[in-house]
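**Q** Below is the structure I would like to discuss, written out as structure tokens.
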Amino acid sequence: MKVIKSLAAAGLLCMAGAAFGQQAKVTGDIKGLGDVDVNIHYYEGAETKTGTIKTTGGKFSWTGNMPAPQKVTLMFPNRAAWVYLEPGNISIKGTADSLHALKVTGSKTQTEADAFEASQKHLDDQLMPLYQKYGKLGKEEQLALEEKINGIRKQMREMENTYIAAHPESAVSLAMVTDRAGMGSYQDIQTIYEKLGPKMKASAEGKRLSERLTVLKRSSIGEQMLNFTQNDMEGKPVSFASFKGKYVLVDFWASWCGPCRAENPNVLKAYNTYKDKNFTVVGISLDDKGDNWKKAVKDDGMPWTQLSDLKGWKNEVSTYYGIMGIPSTLLVDPQGKIIAKDLRGEMLNKKLEELFKN
């Protein structure tokens, strides 16, 4: 999930055995962390687990049933960090102002992941300065910036693909596929999933991946858009079928999502440019408070149809498509088929220019 984590860090994405030998026994010392609660999210087989780790002066200990290596999420008060845990004694050290650089010892899987991450460091180092320029340039410069970012991401994905193929039974390879499945396309994820070995596919995480692929296929290019119905801001039900015959950008967003709000002016520009050329936008908000949703629509001046069931991340349409990060978009043609996914910035404008150049 390196690219997704980088996007989140750059503010460009809003994100979603009892016996010894079966337990991860973790001790930690995070300088400057103080006395706080840290939530840990992991799996015990097929079951999702959430635990609370209490720190004292930044020091803590935690033991959990973990018969196989896995990537877990540590939710600190101000940010998340990801580490690989496995059965045995593991130490986590670091500083509160550099939680992205925690030092983990005792986990062979973490050592393997660190080595791979080091091989990509030259590319990762190129991304952050580019993210910092995002949205601050003119049209041509912004398009060039986005194409450069996409080119670097492509190189990183190709390195991952090569690694997965060479290490089909690695927990790190499995985690790479899982991370990519968070925001990736069905075609991309299916290809790398097939590179995994039989043990990884048969694992609990492998089975979750298989289920995830079934969901991702729904938004693959050429699939028919779900004919959903949700209420507009006046509480009136609107069916997606009512937009048949138009190109529609289905825009998943929320009032509390900073990157979404930053992207709204770009969507507005696209709407104003092509609204008279058989194009419109349908917003689907992942808000759960109607007042916040309506205020954001007014504040950002979004004149297109806005829909929501006010169920937050459990929005029925976003759940159907397995959306785990916003902003996220689906571009649908007049026949109701999906023709592009997750377009934003100048890449969205470029695609619309190609569609409407005549």
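Scheme for the structure tokens: letters A, B, ... for chains in order shown; per-chain residue numbers from 1; ligand numbers from 1 in order shown.
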From the DSSP assignment of the backbone, select every residue of range 278-355 of chain A that is strand (DSSP E), and format the answer as a list in words.

**A** Phe279, Thr280, Val281, Val282, Gly283, Ile284, Ser285, Thr305, Gln306, Leu307, Ser328, Thr329, Leu330, Leu331, Val332, Ile338, Ile339, Ala340 and Lys341 of chain A

**Q** For range 318-325 of chain A, work out the shell of residues within 10 Å, counting only C-alpha atoms and skipping chain neighbours fewer than 5 positions away, then give it as a VMD selection string.

**A** chain A and resid 4 8 13 to 16 181 to 184 212 to 220 225 to 226 252 to 253 257 284 to 286 312 to 313 330

**Q** As a list in words, please: the residues near range 141-144 of chain A (cut-off 8 Å, only C-alpha atoms, same-chain neighbours under 4 positions excluded).

**A**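 Final neighbour list, sorted by chain and number: Tyr134, Gly135, Lys136, Leu137, Lys148, Gly345, Glu346 and Met347 of chain A.
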
**Q** With a distance cut-off of 9 Å and only C-alpha atoms, select the neighbouring residues of Pro303 in chain A, excluding the residue or stretch itself and same-chain residues fewer than 6 positions from it, and output the selection as a VMD selection string.

**A** chain A and resid 268 271 297

**Q** Grab the CA of Gln23 in chain A to CA of Asn65 in chain A distance for me, in Å with one decimal place.

**A**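 Separation between CA of Gln23 in chain A and CA of Asn65 in chain A: 4.5 Å.
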
**Q** Could you list, as a list in words, every residue within 9 Å of Asp97 in chain A, counting only C-alpha atoms and ignoring same-chain residues fewer than 6 positions away?

**A** Lys31, Gly32 and Leu33 of chain A

**Q** May I ask which of the residues A:Glu86, A:Asp232, A:Glu117, A:Glu354 is the closest one to Ala101 in chain A, counting only C-alpha atoms?

**A**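 Checking each of A:Glu86, A:Asp232, A:Glu117, A:Glu354 against Ala101 in chain A, counting only C-alpha atoms, the winner is A:Glu117.
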
**Q** Find, counting only C-alpha atoms, the residue in A:Ala171, A:Ala241, A:Val248, A:Met128 that gets nearest to Lys201 in chain A.

**A** A:Ala171
